[in-house]
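Dropping entry_19.json in here (JSON, C-alpha atoms):
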[["chain", "number", "residue", "atom", "x", "y", "z"],
["Y", 1, "MET", "CA", 55.50, -36.56, 58.85],
["Y", 2, "ASN", "CA", 52.91, -33.91, 59.54],
["Y", 3, "GLU", "CA", 52.85, -34.92, 63.16],
["Y", 4, "ILE", "CA", 56.62, -34.56, 63.48],
["Y", 5, "ILE", "CA", 56.51, -31.04, 62.02],
["Y", 6, "THR", "CA", 53.62, -30.16, 64.32],
["Y", 7, "ALA", "CA", 55.46, -31.53, 67.35],
["Y", 8, "VAL", "CA", 58.64, -29.62, 66.52],
["Y", 9, "LEU", "CA", 56.72, -26.37, 65.97],
["Y", 10, "LEU", "CA", 54.73, -26.76, 69.20],
["Y", 11, "VAL", "CA", 57.82, -27.54, 71.29],
["Y", 12, "LEU", "CA", 59.77, -24.64, 69.78],
["Y", 13, "GLY", "CA", 56.78, -22.34, 70.28],
["Y", 14, "SER", "CA", 56.42, -23.29, 73.93],
["Y", 15, "LEU", "CA", 60.17, -22.87, 74.43],
["Y", 16, "PHE", "CA", 60.04, -19.30, 73.11],
["Y", 17, "SER", "CA", 56.93, -18.53, 75.19],
["Y", 18, "PHE", "CA", 58.73, -19.91, 78.25],
["Y", 19, "VAL", "CA", 61.73, -17.72, 77.54],
["Y", 20, "ALA", "CA", 59.46, -14.67, 77.24],
["Y", 21, "ALA", "CA", 58.15, -15.47, 80.72],
["Y", 22, "LEU", "CA", 61.64, -16.17, 82.06],
["Y", 23, "GLY", "CA", 62.82, -12.86, 80.61],
["Y", 24, "MET", "CA", 60.03, -11.10, 82.52],
["Y", 25, "LEU", "CA", 61.48, -12.49, 85.75],
["Y", 26, "ARG", "CA", 65.19, -12.22, 85.07],
["Y", 27, "LEU", "CA", 65.70, -9.08, 83.01],
["Y", 28, "PRO", "CA", 66.45, -5.94, 85.00],
["Y", 29, "ASP", "CA", 64.09, -3.16, 83.82],
["Y", 30, "THR", "CA", 60.76, -2.47, 82.14],
["Y", 31, "VAL", "CA", 62.08, -1.64, 78.68],
["Y", 32, "ILE", "CA", 64.45, -4.61, 78.60],
["Y", 33, "ARG", "CA", 61.61, -6.89, 79.68],
["Y", 34, "MET", "CA", 59.53, -5.58, 76.79],
["Y", 35, "HIS", "CA", 62.22, -6.89, 74.43],
["Y", 36, "ALA", "CA", 61.57, -10.41, 75.72],
["Y", 37, "ALA", "CA", 57.79, -10.04, 75.66],
["Y", 38, "THR", "CA", 57.56, -8.72, 72.10],
["Y", 39, "LYS", "CA", 60.20, -10.77, 70.33],
["Y", 40, "ALA", "CA", 60.16, -14.14, 72.06],
["Y", 41, "GLY", "CA", 56.46, -13.92, 72.96],
["Y", 42, "THR", "CA", 55.31, -13.20, 69.40],
["Y", 43, "LEU", "CA", 57.61, -15.82, 67.92],
["Y", 44, "GLY", "CA", 56.43, -18.43, 70.44],
["Y", 45, "ALA", "CA", 52.73, -17.81, 69.85],
["Y", 46, "GLY", "CA", 53.32, -17.62, 66.09],
["Y", 47, "LEU", "CA", 55.09, -20.99, 65.98],
["Y", 48, "ILE", "CA", 52.32, -22.63, 68.02],
["Y", 49, "LEU", "CA", 49.70, -21.24, 65.61],
["Y", 50, "ILE", "CA", 51.67, -22.46, 62.57],
["Y", 51, "GLY", "CA", 51.93, -25.87, 64.25],
["Y", 52, "GLU", "CA", 48.17, -25.91, 64.72],
["Y", 53, "ALA", "CA", 47.62, -25.03, 61.06],
["Y", 54, "PHE", "CA", 49.96, -27.85, 60.04],
["Y", 55, "PHE", "CA", 48.19, -30.38, 62.23],
["Y", 56, "TYR", "CA", 44.69, -29.74, 60.92],
["Y", 57, "ALA", "CA", 45.73, -28.87, 57.35],
["Y", 58, "GLU", "CA", 42.36, -27.22, 56.67],
["Y", 59, "LEU", "CA", 41.90, -24.00, 54.75],
["Y", 60, "GLY", "CA", 39.62, -22.38, 57.33],
["Y", 61, "ILE", "CA", 41.93, -23.15, 60.25],
["Y", 62, "THR", "CA", 45.02, -22.09, 58.33],
["Y", 63, "LEU", "CA", 43.42, -18.77, 57.41],
["Y", 64, "ARG", "CA", 42.38, -18.17, 61.01],
["Y", 65, "ALA", "CA", 45.88, -19.01, 62.24],
["Y", 66, "LEU", "CA", 47.33, -16.55, 59.70],
["Y", 67, "ALA", "CA", 44.85, -13.87, 60.79],
["Y", 68, "ALA", "CA", 45.83, -14.43, 64.43],
["Y", 69, "ILE", "CA", 49.54, -14.17, 63.56],
["Y", 70, "THR", "CA", 48.91, -10.96, 61.61],
["Y", 71, "PHE", "CA", 47.07, -9.42, 64.56],
["Y", 72, "LEU", "CA", 49.89, -10.48, 66.90],
["Y", 73, "LEU", "CA", 52.51, -8.89, 64.65],
["Y", 74, "LEU", "CA", 50.46, -5.70, 64.42],
["Y", 75, "THR", "CA", 49.62, -5.34, 68.10],
["Y", 76, "ALA", "CA", 52.72, -6.61, 69.96],
["Y", 77, "PRO", "CA", 55.13, -3.85, 68.82],
["Y", 78, "VAL", "CA", 52.50, -1.13, 69.31],
["Y", 79, "ALA", "CA", 51.81, -2.34, 72.85],
["Y", 80, "ALA", "CA", 55.54, -2.53, 73.60],
["Y", 81, "HIS", "CA", 56.04, 0.99, 72.24],
["Y", 82, "LEU", "CA", 53.23, 2.37, 74.42],
["Y", 83, "ILE", "CA", 54.44, 0.59, 77.56],
["Y", 84, "GLY", "CA", 58.02, 1.74, 76.96],
["Y", 85, "ARG", "CA", 56.83, 5.29, 76.38],
["Y", 86, "ALA", "CA", 54.60, 5.25, 79.46],
["Y", 87, "ALA", "CA", 57.48, 3.88, 81.54],
["Y", 88, "TYR", "CA", 59.67, 6.68, 80.31],
["Y", 89, "PHE", "CA", 57.26, 9.50, 81.03],
["Y", 90, "SER", "CA", 56.36, 8.16, 84.47],
["Y", 91, "ASN", "CA", 60.05, 8.12, 85.44],
["Y", 92, "VAL", "CA", 60.42, 4.38, 85.82],
["Y", 93, "LYS", "CA", 64.09, 3.75, 86.55],
["Y", 94, "LEU", "CA", 66.31, 2.24, 83.89],
["Y", 95, "TRP", "CA", 68.82, -0.44, 84.72],
["Y", 96, "HIS", "CA", 71.93, 1.14, 86.28],
["Y", 97, "LYS", "CA", 74.16, -0.11, 83.45],
["Y", 98, "THR", "CA", 72.15, 1.65, 80.76],
["Y", 99, "TRP", "CA", 74.33, 3.95, 78.71],
["Y", 100, "ILE", "CA", 73.28, 7.27, 77.29],
["Y", 101, "ASP", "CA", 69.85, 8.71, 77.81],
["Y", 102, "GLN", "CA", 69.50, 11.49, 75.32],
["Y", 103, "LEU", "CA", 65.82, 11.90, 76.05],
["Y", 104, "ALA", "CA", 66.34, 12.72, 79.72],
["Y", 105, "GLU", "CA", 68.55, 15.66, 78.81],
["Y", 106, "ARG", "CA", 65.85, 17.08, 76.66],
["Y", 107, "TYR", "CA", 63.04, 16.77, 79.16],
["Y", 108, "LYS", "CA", 65.10, 17.17, 82.32],
["Y", 109, "THR", "CA", 62.90, 14.59, 83.94],
["Y", 110, "GLY", "CA", 65.80, 13.22, 85.95],
["Y", 111, "GLY", "CA", 65.33, 10.08, 87.96],
["Y", 112, "TYR", "CA", 64.78, 7.94, 84.90],
["Y", 113, "PHE", "CA", 68.47, 7.46, 84.35],
["Y", 114, "ASP", "CA", 69.92, 6.95, 87.79],
["Y", 115, "PRO", "CA", 73.59, 5.91, 87.91],
["Y", 116, "ASP", "CA", 73.44, 5.10, 91.63],
["Y", 117, "HIS", "CA", 70.45, 2.83, 91.30],
["Y", 118, "LYS", "CA", 71.26, -0.71, 92.27],
["A", 1, "MET", "CA", 33.14, 13.49, 54.55],
["A", 2, "ALA", "CA", 34.63, 16.08, 52.28],
["A", 3, "LYS", "CA", 37.81, 14.15, 51.73],
["A", 4, "SER", "CA", 37.99, 12.26, 48.50],
["A", 5, "MET", "CA", 37.62, 8.53, 48.71],
["A", 6, "SER", "CA", 38.62, 6.56, 45.67],
["A", 7, "LEU", "CA", 36.48, 3.66, 44.54],
["A", 8, "THR", "CA", 39.37, 1.18, 44.40],
["A", 9, "TRP", "CA", 40.33, 2.12, 47.94],
["A", 10, "LEU", "CA", 36.76, 1.48, 49.12],
["A", 11, "ILE", "CA", 36.44, -1.83, 47.27],
["A", 12, "ALA", "CA", 39.79, -3.02, 48.63],
["A", 13, "ARG", "CA", 38.70, -2.20, 52.21],
["A", 14, "ILE", "CA", 35.34, -3.94, 51.77],
["A", 15, "ILE", "CA", 37.11, -7.07, 50.53],
["A", 16, "ILE", "CA", 39.73, -7.02, 53.30],
["A", 17, "TYR", "CA", 37.31, -6.46, 56.19],
["A", 18, "THR", "CA", 34.49, -8.73, 55.03],
["A", 19, "GLY", "CA", 37.14, -11.36, 54.26],
["A", 20, "THR", "CA", 38.60, -11.05, 57.75],
["A", 21, "TRP", "CA", 35.16, -11.31, 59.36],
["A", 22, "TRP", "CA", 34.28, -14.28, 57.18],
["A", 23, "VAL", "CA", 37.48, -16.10, 58.13],
["A", 24, "LEU", "CA", 37.14, -15.36, 61.84],
["A", 25, "THR", "CA", 33.49, -16.48, 62.04],
["A", 26, "LYS", "CA", 34.05, -19.56, 59.85],
["A", 27, "GLY", "CA", 31.57, -18.05, 57.38],
["A", 28, "ALA", "CA", 28.63, -18.38, 59.77],
["A", 29, "ALA", "CA", 25.62, -16.78, 58.04],
["A", 30, "ASP", "CA", 23.93, -15.68, 61.26],
["A", 31, "SER", "CA", 26.96, -13.59, 62.26],
["A", 32, "TRP", "CA", 26.40, -10.94, 59.57],
["A", 33, "PRO", "CA", 23.95, -8.77, 61.57],
["A", 34, "VAL", "CA", 26.99, -8.01, 63.75],
["A", 35, "GLY", "CA", 29.52, -8.40, 60.95],
["A", 36, "ILE", "CA", 28.17, -5.78, 58.54],
["A", 37, "PRO", "CA", 28.12, -2.94, 61.11],
["A", 38, "ALA", "CA", 31.60, -4.04, 62.24],
["A", 39, "VAL", "CA", 32.91, -3.88, 58.67],
["A", 40, "LEU", "CA", 31.35, -0.44, 58.14],
["A", 41, "ALA", "CA", 32.83, 0.80, 61.42],
["A", 42, "ALA", "CA", 36.24, -0.56, 60.43],
["A", 43, "ILE", "CA", 36.10, 1.25, 57.06],
["A", 44, "TYR", "CA", 35.03, 4.48, 58.77],
["A", 45, "ILE", "CA", 37.89, 4.28, 61.32],
["A", 46, "ASP", "CA", 40.37, 3.31, 58.61],
["A", 47, "PHE", "CA", 39.33, 6.28, 56.49],
["A", 48, "ASN", "CA", 39.60, 8.75, 59.35],
["A", 49, "LEU", "CA", 42.85, 7.45, 60.81],
["A", 50, "PHE", "CA", 44.72, 6.63, 57.62],
["A", 51, "ARG", "CA", 43.35, 8.88, 54.89],
["A", 52, "PRO", "CA", 43.79, 7.29, 51.49],
["A", 53, "LYS", "CA", 47.20, 8.44, 50.36],
["A", 54, "ASN", "CA", 47.75, 6.16, 47.37],
["A", 55, "ALA", "CA", 50.63, 4.39, 49.05],
["A", 56, "ARG", "CA", 51.58, 2.00, 46.27],
["A", 57, "TRP", "CA", 52.92, -1.36, 47.32],
["A", 58, "SER", "CA", 55.49, -3.25, 45.37],
["A", 59, "VAL", "CA", 54.73, -6.97, 45.36],
["A", 60, "VAL", "CA", 58.36, -8.00, 44.88],
["A", 61, "GLY", "CA", 59.49, -5.66, 47.63],
["A", 62, "LEU", "CA", 56.80, -6.96, 49.94],
["A", 63, "ILE", "CA", 57.77, -10.61, 49.42],
["A", 64, "ALA", "CA", 61.44, -9.77, 49.95],
["A", 65, "PHE", "CA", 60.51, -7.90, 53.11],
["A", 66, "VAL", "CA", 58.43, -10.78, 54.50],
["A", 67, "LEU", "CA", 61.31, -13.24, 53.93],
["A", 68, "PHE", "CA", 63.79, -10.84, 55.53],
["A", 69, "PHE", "CA", 61.43, -10.35, 58.45],
["A", 70, "LEU", "CA", 60.83, -14.08, 59.04],
["A", 71, "LYS", "CA", 64.53, -14.84, 58.99],
["A", 72, "TYR", "CA", 65.42, -12.11, 61.44],
["A", 73, "SER", "CA", 62.49, -12.64, 63.79],
["A", 74, "ILE", "CA", 63.73, -16.18, 64.43],
["A", 75, "TYR", "CA", 67.21, -14.79, 65.01],
["A", 76, "SER", "CA", 65.63, -12.19, 67.27],
["A", 77, "GLY", "CA", 63.92, -14.86, 69.38],
["A", 78, "MET", "CA", 67.18, -16.80, 69.70],
["A", 79, "ASP", "CA", 68.91, -13.61, 70.79],
["A", 80, "VAL", "CA", 66.40, -13.12, 73.62],
["A", 81, "VAL", "CA", 66.80, -16.81, 74.59],
["A", 82, "ARG", "CA", 70.55, -16.36, 74.85],
["A", 83, "ARG", "CA", 70.34, -13.22, 76.95],
["A", 84, "ALA", "CA", 67.63, -14.46, 79.28],
["A", 85, "TYR", "CA", 69.29, -17.82, 79.99],
["A", 86, "ASP", "CA", 72.89, -16.67, 80.42],
["A", 87, "PRO", "CA", 73.65, -16.36, 84.15],
["A", 88, "ARG", "CA", 75.92, -13.37, 83.49],
["A", 89, "LEU", "CA", 73.07, -11.45, 81.82],
["A", 90, "PRO", "CA", 74.97, -10.22, 78.73],
["A", 91, "LEU", "CA", 73.36, -6.80, 78.28],
["A", 92, "ASP", "CA", 74.83, -3.43, 77.40],
["A", 93, "PRO", "CA", 71.66, -1.39, 76.94],
["A", 94, "ALA", "CA", 71.30, 2.19, 75.78],
["A", 95, "MET", "CA", 68.68, 4.72, 74.76],
["A", 96, "VAL", "CA", 69.60, 6.14, 71.38],
["A", 97, "GLU", "CA", 67.96, 8.60, 69.04],
["A", 98, "TYR", "CA", 67.66, 7.65, 65.42],
["A", 99, "PRO", "CA", 66.75, 10.26, 62.80],
["A", 100, "LEU", "CA", 64.05, 8.81, 60.56],
["A", 101, "ARG", "CA", 64.81, 8.87, 56.86],
["A", 102, "LEU", "CA", 61.39, 7.58, 55.83],
["A", 103, "THR", "CA", 58.92, 10.26, 54.83],
["A", 104, "SER", "CA", 55.51, 8.62, 54.41],
["A", 105, "SER", "CA", 53.51, 7.68, 57.50],
["A", 106, "ALA", "CA", 52.69, 4.19, 56.24],
["A", 107, "ALA", "CA", 56.40, 3.46, 55.76],
["A", 108, "ARG", "CA", 57.21, 4.90, 59.18],
["A", 109, "ASN", "CA", 54.60, 2.75, 60.89],
["A", 110, "LEU", "CA", 55.97, -0.34, 59.22],
["A", 111, "PHE", "CA", 59.52, 0.61, 60.18],
["A", 112, "ILE", "CA", 58.69, 1.34, 63.82],
["A", 113, "CYS", "CA", 56.86, -1.97, 64.26],
["A", 114, "THR", "CA", 59.62, -3.89, 62.49],
["A", 115, "VAL", "CA", 62.31, -2.32, 64.68],
["A", 116, "SER", "CA", 60.58, -3.64, 67.80],
["A", 117, "LEU", "CA", 60.42, -7.18, 66.47],
["A", 118, "LEU", "CA", 63.95, -7.45, 65.13],
["A", 119, "PRO", "CA", 66.96, -8.38, 67.30],
["A", 120, "GLY", "CA", 68.15, -6.05, 70.01],
["A", 121, "THR", "CA", 66.09, -2.95, 69.25],
["A", 122, "LEU", "CA", 62.80, -1.64, 70.63],
["A", 123, "SER", "CA", 61.19, 1.64, 69.60],
["A", 124, "THR", "CA", 60.15, 3.56, 72.69],
["A", 125, "ALA", "CA", 59.09, 7.05, 71.60],
["A", 126, "ILE", "CA", 58.79, 9.29, 68.56],
["A", 127, "GLU", "CA", 60.07, 12.85, 68.68],
["A", 128, "GLY", "CA", 59.16, 14.62, 65.47],
["A", 129, "HIS", "CA", 61.55, 13.11, 62.97],
["A", 130, "LYS", "CA", 63.53, 11.19, 65.54],
["A", 131, "LEU", "CA", 62.78, 7.74, 66.81],
["A", 132, "VAL", "CA", 63.96, 6.93, 70.32],
["A", 133, "ILE", "CA", 65.23, 3.38, 70.39],
["A", 134, "HIS", "CA", 66.19, 1.17, 73.29],
["A", 135, "ALA", "CA", 69.06, -1.07, 72.21],
["A", 136, "LEU", "CA", 69.98, -4.21, 74.17],
["A", 137, "ASP", "CA", 73.60, -4.17, 73.16],
["A", 138, "VAL", "CA", 75.36, -1.02, 72.00],
["A", 139, "GLY", "CA", 78.36, -3.13, 71.06],
["A", 140, "ARG", "CA", 76.47, -4.03, 67.90],
["A", 141, "PRO", "CA", 76.31, -1.70, 64.90],
["A", 142, "VAL", "CA", 72.78, -0.57, 65.81],
["A", 143, "GLU", "CA", 72.68, 2.38, 63.43],
["A", 144, "HIS", "CA", 73.89, 0.29, 60.52],
["A", 145, "GLU", "CA", 71.25, -2.35, 61.26],
["A", 146, "LEU", "CA", 68.52, 0.29, 61.43],
["A", 147, "ASN", "CA", 69.68, 1.72, 58.11],
["A", 148, "ARG", "CA", 69.33, -1.69, 56.56],
["A", 149, "ILE", "CA", 65.82, -2.19, 57.95],
["A", 150, "GLU", "CA", 64.86, 1.25, 56.62],
["A", 151, "ASN", "CA", 66.08, 0.36, 53.14],
["A", 152, "ARG", "CA", 64.07, -2.86, 53.26],
["A", 153, "VAL", "CA", 60.95, -0.96, 54.32],
["A", 154, "ALA", "CA", 61.48, 1.63, 51.56],
["A", 155, "ALA", "CA", 61.66, -1.18, 48.99],
["A", 156, "VAL", "CA", 58.11, -2.23, 49.91],
["A", 157, "PHE", "CA", 56.70, 1.02, 48.51],
["A", 158, "LYS", "CA", 56.75, 1.97, 44.86],
["A", 159, "ASN", "CA", 56.82, 5.70, 45.42],
["A", 160, "SER", "CA", 60.06, 6.99, 46.81],
["A", 161, "VAL", "CA", 59.77, 7.29, 50.58],
["A", 162, "LEU", "CA", 63.40, 7.62, 51.60],
["A", 163, "ILE", "CA", 65.28, 10.88, 51.99],
["A", 164, "LYS", "CA", 68.49, 10.58, 50.04],
["A", 165, "ASP", "CA", 71.75, 12.03, 51.34],
["A", 166, "PHE", "CA", 70.31, 12.43, 54.78],
["A", 167, "LYS", "CA", 72.50, 14.29, 57.23],
["A", 168, "THR", "CA", 72.19, 13.48, 60.91],
["A", 169, "GLY", "CA", 70.80, 16.24, 63.11],
["A", 170, "GLU", "CA", 69.13, 18.04, 60.22],
["A", 171, "SER", "CA", 65.47, 17.25, 60.35],
["A", 172, "LYS", "CA", 63.31, 17.52, 57.29],
["A", 173, "LYS", "CA", 60.65, 20.18, 57.52]]
Encoding of this model in structure tokens:
Amino acid sequence: MNEIITAVLLVLGSLFSFVAALGMLRLPDTVIRMHAATKAGTLGAGLILIGEAFFYAELGITLRALAAITFLLLTAPVAAHLIGRAAYFSNVKLWHKTWIDQLAERYKTGGYFDPDHK
Amino acid sequence: MAKSMSLTWLIARIIIYTGTWWVLTKGAADSWPVGIPAVLAAIYIDFNLFRPKNARWSVVGLIAFVLFFLKYSIYSGMDVVRRAYDPRLPLDPAMVEYPLRLTSSAARNLFICTVSLLPGTLSTAIEGHKLVIHALDVGRPVEHELNRIENRVAAVFKNSVLIKDFKTGESKK
């Protein structure tokens, strides 16, 4: 039974990690790619760690897996925020279908929101 | 350090950081020559970055928040799966500003991190009392969803951290 749960968690975890990588390739701009990296990436790694904890069923390993998940949850959104912010201030272009960009009006950076960009 | 440091705060930090070190090193006794300075450094950084502000946590609120978070982070992952696999790339992204209703910094940090991990929203910058959010799909009620997350975050803290009757465009100062 434990092995079935572990297998399911590991397969699901790898699927989400794969999707995070696929999103990196397919999605059109930096900020949208960060969505895939933070959400699917964290979930994938988290599920694999929970699977590991299930497989060994030891207190020490479970606690370490929980610590690793906590650090992932704390660091992934902060990293995504900083990358998104850096992309914004260095005028990385947004996808051409992106709607409003209220920030650009304020800073008059231009270039970031480019309707003609293909 | 002229700032006041309460004893319970200090004891809690010592327990948290030594506990973390102990777990990570599998309790190896010969790791403490590195571990003790690391714990002291962590307490020092913690004190200077997040001065003790007596943010009081509500256990019930915290458990409710964790359950809410787990449920929606799975939904969030599925959402990314759907968008990344679909050949038509179903995206309708936008940069939107969201006026923060949370007042305490601890609550704001929690909110900003949660926003990035829940479906369709990613916090990109903070402008005073406004959070700049990148939404994957503006067809969804983004503002309503953010309001709900904010209420959940506010429930984690015992002291009131939410501005009531908040009017958009009027920042608290």
A straight line from atom CA of A:Ala38 to atom CA of A:Trp21 spans 8.6 Å
Which residues of chain A sit at most 10 Å from chain Y, using all atoms listed in the file? Give each one's shortest atom pair and distance in Å (one decimal place), in chain and ascending residue order, as a Markdown table.
| residue | atom | partner | partner_atom | distance |
| --- | --- | --- | --- | --- |
| A:Thr20 | CA | Y:Ala67 | CA | 7.5 |
| A:Trp22 | CA | Y:Gly60 | CA | 9.7 |
| A:Val23 | CA | Y:Arg64 | CA | 6.0 |
| A:Leu24 | CA | Y:Arg64 | CA | 6.0 |
| A:Thr25 | CA | Y:Arg64 | CA | 9.1 |
| A:Lys26 | CA | Y:Gly60 | CA | 6.7 |
| A:Gly27 | CA | Y:Gly60 | CA | 9.1 |
| A:Leu70 | CA | Y:Leu43 | CA | 9.6 |
| A:Ser73 | CA | Y:Leu43 | CA | 7.1 |
| A:Ile74 | CA | Y:Leu43 | CA | 7.1 |
| A:Tyr75 | CA | Y:Lys39 | CA | 9.7 |
| A:Ser76 | CA | Y:Lys39 | CA | 6.4 |
| A:Gly77 | CA | Y:Ala40 | CA | 4.7 |
| A:Met78 | CA | Y:Ala40 | CA | 7.9 |
| A:Asp79 | CA | Y:Ala40 | CA | 8.9 |
| A:Val80 | CA | Y:Ala36 | CA | 5.9 |
| A:Val81 | CA | Y:Val19 | CA | 5.9 |
| A:Arg82 | CA | Y:Val19 | CA | 9.3 |
| A:Arg83 | CA | Y:Gly23 | CA | 8.4 |
| A:Ala84 | CA | Y:Gly23 | CA | 5.2 |
| A:Tyr85 | CA | Y:Val19 | CA | 7.9 |
| A:Pro87 | CA | Y:Arg26 | CA | 9.5 |
| A:Leu89 | CA | Y:Leu27 | CA | 7.8 |
| A:Leu91 | CA | Y:Lys97 | CA | 8.5 |
| A:Asp92 | CA | Y:Thr98 | CA | 6.7 |
| A:Pro93 | CA | Y:Thr98 | CA | 4.9 |
| A:Ala94 | CA | Y:Trp99 | CA | 4.6 |
| A:Met95 | CA | Y:Asp101 | CA | 5.2 |
| A:Val96 | CA | Y:Gln102 | CA | 6.6 |
| A:Glu97 | CA | Y:Gln102 | CA | 7.1 |
| A:Asn109 | CA | Y:Val78 | CA | 9.5 |
| A:Leu110 | CA | Y:Leu74 | CA | 9.3 |
| A:Ile112 | CA | Y:Pro77 | CA | 8.0 |
| A:Cys113 | CA | Y:Pro77 | CA | 5.2 |
| A:Thr114 | CA | Y:Pro77 | CA | 7.8 |
| A:Val115 | CA | Y:Pro77 | CA | 8.4 |
| A:Ser116 | CA | Y:Pro77 | CA | 5.5 |
| A:Leu117 | CA | Y:Lys39 | CA | 5.3 |
| A:Leu118 | CA | Y:Lys39 | CA | 7.2 |
| A:Pro119 | CA | Y:Lys39 | CA | 7.8 |
| A:Gly120 | CA | Y:His35 | CA | 7.4 |
| A:Thr121 | CA | Y:His35 | CA | 7.6 |
| A:Leu122 | CA | Y:His35 | CA | 6.5 |
| A:Ser123 | CA | Y:His81 | CA | 5.8 |
| A:Thr124 | CA | Y:His81 | CA | 4.9 |
| A:Ala125 | CA | Y:Arg85 | CA | 5.6 |
| A:Ile126 | CA | Y:Arg85 | CA | 9.0 |
| A:Glu127 | CA | Y:Leu103 | CA | 9.4 |
| A:Val132 | CA | Y:Leu103 | CA | 7.8 |
| A:Ile133 | CA | Y:His81 | CA | 9.7 |
| A:His134 | CA | Y:Val31 | CA | 7.3 |
| A:Ala135 | CA | Y:Ile32 | CA | 8.6 |
| A:Leu136 | CA | Y:Ile32 | CA | 7.1 |
| A:Asp137 | CA | Y:Thr98 | CA | 9.7 |
| A:Val138 | CA | Y:Trp99 | CA | 8.4 |
As a ChimeraX atom specification, please: the residues near stretch 153-156 of chain A (cut-off 9 Å, all atoms listed in the file, same-chain neighbours under 4 positions excluded).
/A:56-65,102,107-108,110-111,114,148-149,160-162
Go ahead and write the residues just picked, C-alpha atoms, as a PDB file, in the coordinates of the input.
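Output contents, as saved in again.pdb:
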ATOM      1  CA  ARG A  56      51.580   2.000  46.270  1.00  0.00           C
ATOM      2  CA  TRP A  57      52.920  -1.360  47.320  1.00  0.00           C
ATOM      3  CA  SER A  58      55.490  -3.250  45.370  1.00  0.00           C
ATOM      4  CA  VAL A  59      54.730  -6.970  45.360  1.00  0.00           C
ATOM      5  CA  VAL A  60      58.360  -8.000  44.880  1.00  0.00           C
ATOM      6  CA  GLY A  61      59.490  -5.660  47.630  1.00  0.00           C
ATOM      7  CA  LEU A  62      56.800  -6.960  49.940  1.00  0.00           C
ATOM      8  CA  ILE A  63      57.770 -10.610  49.420  1.00  0.00           C
ATOM      9  CA  ALA A  64      61.440  -9.770  49.950  1.00  0.00           C
ATOM     10  CA  PHE A  65      60.510  -7.900  53.110  1.00  0.00           C
ATOM     11  CA  LEU A 102      61.390   7.580  55.830  1.00  0.00           C
ATOM     12  CA  ALA A 107      56.400   3.460  55.760  1.00  0.00           C
ATOM     13  CA  ARG A 108      57.210   4.900  59.180  1.00  0.00           C
ATOM     14  CA  LEU A 110      55.970  -0.340  59.220  1.00  0.00           C
ATOM     15  CA  PHE A 111      59.520   0.610  60.180  1.00  0.00           C
ATOM     16  CA  THR A 114      59.620  -3.890  62.490  1.00  0.00           C
ATOM     17  CA  ARG A 148      69.330  -1.690  56.560  1.00  0.00           C
ATOM     18  CA  ILE A 149      65.820  -2.190  57.950  1.00  0.00           C
ATOM     19  CA  SER A 160      60.060   6.990  46.810  1.00  0.00           C
ATOM     20  CA  VAL A 161      59.770   7.290  50.580  1.00  0.00           C
ATOM     21  CA  LEU A 162      63.400   7.620  51.600  1.00  0.00           C
TER      22      LEU A 162
END
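Picture a line from atom CA of Y:Gly13 to atom CA of Y:Leu47; it runs 4.8 Å.
When atom CA of Y:Lys93 is paired with atom CA of A:Glu145, their separation reads 27.0 Å.
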List the spatial neighbours of Y:Phe54 as a PyMOL selection string - criterion: any atom at most 8 Å away, all atoms listed in the file, same-chain residues fewer than 3 positions off excluded.
chain Y and resi 2+5-6+50-51+57+62
